[in-house]
>>> print(open('coords-v1.cif').read())   # mmCIF, C-alpha atoms
data_target
loop_
_atom_site.label_atom_id
_atom_site.label_comp_id
_atom_site.auth_asym_id
_atom_site.auth_seq_id
_atom_site.Cartn_x
_atom_site.Cartn_y
_atom_site.Cartn_z
CA MET A 1 66.32 32.18 17.81
CA VAL A 2 62.94 30.84 18.99
CA THR A 3 59.75 32.49 17.81
CA TYR A 4 56.42 32.02 19.47
CA GLY A 5 54.24 33.23 16.63
CA ILE A 6 51.01 31.77 15.38
CA ASN A 7 51.34 28.78 13.11
CA TRP A 8 48.69 29.68 10.55
CA VAL A 9 49.25 26.57 8.51
CA ALA A 10 48.33 24.37 11.48
CA ILE A 11 45.25 26.43 12.29
CA VAL A 12 44.02 26.35 8.69
CA GLY A 13 44.65 22.61 8.66
CA ILE A 14 42.59 22.08 11.81
CA ILE A 15 39.75 24.27 10.53
CA GLY A 16 39.80 22.43 7.20
CA THR A 17 39.68 19.09 8.97
CA LEU A 18 36.76 20.18 11.16
CA ALA A 19 34.90 21.58 8.15
CA GLY A 20 35.48 18.33 6.26
CA VAL A 21 34.14 16.31 9.17
CA CYS A 22 31.02 18.53 9.38
CA VAL A 23 30.35 18.36 5.65
CA GLY A 24 30.90 14.59 5.68
CA ALA A 25 28.51 14.15 8.62
CA PHE A 26 25.88 16.33 6.91
CA VAL A 27 26.12 14.42 3.63
CA THR A 28 25.94 11.08 5.46
CA TRP A 29 22.89 12.27 7.41
CA LYS A 30 21.12 13.39 4.20
CA ILE A 31 21.86 10.05 2.51
CA GLN A 32 20.53 8.13 5.51
CA GLU A 33 17.41 10.31 5.63
CA ARG A 34 16.77 9.64 1.96
CA GLN A 35 17.29 5.89 2.42
CA PHE A 36 14.86 5.81 5.35
CA LYS A 37 12.20 7.65 3.34
CA HIS A 38 12.67 5.26 0.43
CA SER A 39 12.55 2.25 2.76
CA ASP A 40 9.32 3.51 4.36
CA ALA A 41 7.74 4.19 0.98
CA THR A 42 8.73 0.74 -0.30
CA ARG A 43 7.40 -0.97 2.83
CA PHE A 44 4.13 1.00 2.64
CA GLN A 45 3.72 0.07 -1.03
CA LYS A 46 4.26 -3.59 -0.17
CA ASP A 47 1.69 -3.32 2.64
CA ARG A 48 -0.82 -1.82 0.22
CA LEU A 49 -0.17 -4.50 -2.36
CA ASP A 50 -0.63 -7.26 0.23
CA THR A 51 -3.80 -5.65 1.58
CA TYR A 52 -5.35 -5.20 -1.85
CA ALA A 53 -4.52 -8.76 -2.92
CA GLN A 54 -5.96 -10.19 0.28
CA TYR A 55 -9.07 -8.00 -0.06
CA THR A 56 -9.90 -9.21 -3.56
CA GLY A 57 -9.18 -12.80 -2.56
CA ALA A 58 -11.45 -12.51 0.47
CA ALA A 59 -14.19 -10.93 -1.65
CA ASN A 60 -14.07 -13.73 -4.18
CA LEU A 61 -14.05 -16.40 -1.48
CA ALA A 62 -16.94 -14.87 0.45
CA VAL A 63 -19.06 -14.48 -2.71
CA SER A 64 -18.27 -18.02 -3.81
CA TYR A 65 -19.94 -19.32 -0.65
CA TRP A 66 -23.05 -17.26 -1.36
CA ILE A 67 -23.18 -18.55 -4.95
CA VAL A 68 -23.66 -22.09 -3.67
CA ASN A 69 -26.12 -20.92 -0.99
CA GLN A 70 -23.75 -21.51 1.89
CA GLN A 71 -23.07 -18.99 4.57
CA ASN A 72 -19.51 -18.79 5.80
CA PRO A 73 -19.22 -16.28 8.64
CA ASP A 74 -15.41 -16.62 8.70
CA ALA A 75 -15.09 -15.69 5.03
CA THR A 76 -17.48 -12.78 5.46
CA GLU A 77 -15.67 -11.59 8.57
CA LYS A 78 -12.30 -11.75 6.81
CA PHE A 79 -13.70 -9.72 3.89
CA ILE A 80 -15.06 -7.07 6.26
CA ASP A 81 -11.82 -6.94 8.28
CA LEU A 82 -9.81 -6.46 5.10
CA PHE A 83 -12.21 -3.75 3.94
CA GLU A 84 -11.40 -1.87 7.14
CA ARG A 85 -7.68 -2.34 6.47
CA VAL A 86 -8.14 -1.05 2.90
CA ARG A 87 -9.82 2.04 4.36
CA LEU A 88 -6.62 2.75 6.28
CA VAL A 89 -4.18 2.50 3.36
CA ALA A 90 -6.11 3.28 0.17
CA THR A 91 -6.10 6.49 -1.80
CA ASP A 92 -9.46 8.11 -2.56
CA GLU A 93 -9.60 6.54 -6.03
CA VAL A 94 -8.97 3.01 -4.78
CA MET A 95 -11.35 3.56 -1.87
CA LYS A 96 -14.10 4.52 -4.30
CA HIS A 97 -13.77 1.09 -5.93
CA ALA A 98 -13.43 -0.69 -2.57
CA ASN A 99 -16.72 0.89 -1.46
CA LEU A 100 -18.44 -0.29 -4.64
CA LEU A 101 -17.09 -3.79 -4.06
CA HIS A 102 -18.25 -3.74 -0.45
CA GLU A 103 -21.73 -2.54 -1.48
CA LYS A 104 -22.02 -5.20 -4.19
CA PHE A 105 -21.00 -7.88 -1.69
CA GLY A 106 -23.75 -6.70 0.66
CA GLU A 107 -26.25 -6.89 -2.20
CA ILE A 108 -25.12 -10.41 -3.13
CA GLN A 109 -25.30 -11.44 0.51
CA ARG A 110 -28.89 -10.18 0.79
CA LEU A 111 -29.89 -11.89 -2.45
CA GLY A 112 -28.14 -15.12 -1.49
CA SER A 113 -30.04 -15.36 1.74
CA GLU A 114 -33.36 -15.07 -0.11
CA THR A 115 -32.92 -16.86 -3.41
CA LYS A 116 -30.42 -17.86 -6.07
CA ILE A 117 -28.15 -14.95 -6.99
CA PRO A 118 -28.94 -13.64 -10.49
CA GLU A 119 -26.07 -14.00 -12.95
CA LYS A 120 -26.28 -10.27 -13.68
CA ASN A 121 -25.19 -9.53 -10.11
CA LEU A 122 -22.24 -11.90 -10.36
CA LEU A 123 -21.11 -10.31 -13.62
CA GLU A 124 -21.36 -6.88 -12.00
CA PHE A 125 -19.38 -8.18 -9.04
CA ASN A 126 -16.60 -9.44 -11.33
CA LEU A 127 -16.54 -6.10 -13.17
CA ILE A 128 -16.26 -4.23 -9.86
CA VAL A 129 -13.41 -6.50 -8.72
CA GLY A 130 -11.63 -5.84 -12.01
CA ASN A 131 -12.09 -2.08 -11.63
CA PHE A 132 -10.75 -2.27 -8.07
CA VAL A 133 -7.68 -4.20 -9.26
CA ASN A 134 -7.05 -1.69 -12.06
CA ALA A 135 -7.33 1.25 -9.64
CA ALA A 136 -4.93 -0.49 -7.24
CA ARG A 137 -2.48 -1.20 -10.06
CA ASN A 138 -2.59 2.47 -11.11
CA GLU A 139 -2.02 3.61 -7.54
CA LEU A 140 0.90 1.24 -7.07
CA ARG A 141 2.26 2.07 -10.54
CA ILE A 142 2.18 -1.56 -11.60
CA ARG A 143 2.29 -1.94 -15.36
CA GLU A 144 0.44 -4.62 -17.20
CA ASN A 145 2.48 -7.60 -18.28
CA ASN A 146 2.66 -7.33 -22.06
CA SER A 147 4.29 -10.68 -22.73
#
>>> encode(input="coords-v1.cif", output="structure tokens")
Amino acid sequence: MVTYGINWVAIVGIIGTLAGVCVGAFVTWKIQERQFKHSDATRFQKDRLDTYAQYTGAANLAVSYWIVNQQNPDATEKFIDLFERVRLVATDEVMKHANLLHEKFGEIQRLGSETKIPEKNLLEFNLIVGNFVNAARNELRIRENNS
């Protein structure tokens, strides 16, 4: 005798398979989304680190030319370009220190074009650079090396 009834076992199996596929796709999508966010955050942190390191290097190089009474437009231009890049990526706290560094550089530049730069200004410059670096380290969650 042939019966043409509904095979509930097969239907439940198909529904279970489809549900498993949907759940698997959703979980995979969430994992990928999380990985992309982490990748973006890591890349952005690296960009900030590179920008901050280049900015302090450019500041020190540009000031070193003024210390010996030499003007170097390329060094000054690089410092200013990097300041603009810092403005794009920095948090408010780091930007506060970047502004102080930029202002001190302008002061040293004005003094250097008129006379020998007083040592007091150079000490202040170094202090400002140090404060900028500390603010950047805090922002980037970089711990001091205690070795």
>>> resolve_selection(input="coords-v1.cif", expression="the PyMOL selection byres ((chain A and resi 77-82) around 8)", output="VMD selection string")
chain A and resid 51 54 to 55 58 to 59 62 73 to 76 83 to 86
>>> closest_residue(input="coords-v1.cif", among="A:Ile108, A:Ala19, A:Ile117, A:Ala90", to="Asn138 of chain A", atoms="only C-alpha atoms")
A:Ala90
>>> resolve_selection(input="coords-v1.cif", expression="the PyMOL selection byres ((chain A and resi 120-137) around 9)", output="number ranges by chain")
A: 48-49, 52-53, 56, 59-60, 63, 67, 90-91, 93-98, 100-101, 104-105, 107-108, 117-119, 138-144
>>> atom_distance(input="coords-v1.cif", atom1="atom CA of Gly57 of chain A", atom2="atom CA of Asn72 of chain A")
14.6 Å
>>> atom_distance(input="coords-v1.cif", atom1="atom CA of Trp66 of chain A", atom2="atom CA of Gly112 of chain A")
5.5 Å
>>> atom_distance(input="coords-v1.cif", atom1="atom CA of Lys116 of chain A", atom2="atom CA of Glu103 of chain A")
18.2 Å
>>> axis_aligned_box(input="coords-v1.cif", around="segment 108-122 of chain A", padding_each_side="6 Å", output="lines of an AutoDock Vina configuration file")
center_x = -27.8
center_y = -13.7
center_z = -6.0
size_x = 23.1
size_y = 20.3
size_z = 27.4
>>> closest_residue(input="coords-v1.cif", among="A:Ile15, A:Gln70, A:Ala25, A:Val89", to="Asp50 of chain A", atoms="only C-alpha atoms")
A:Val89
>>> closest_residue(input="coords-v1.cif", among="A:Arg43, A:Gln71, A:Gly20, A:Trp29", to="Glu114 of chain A", atoms="all atoms listed in the file")
A:Gln71
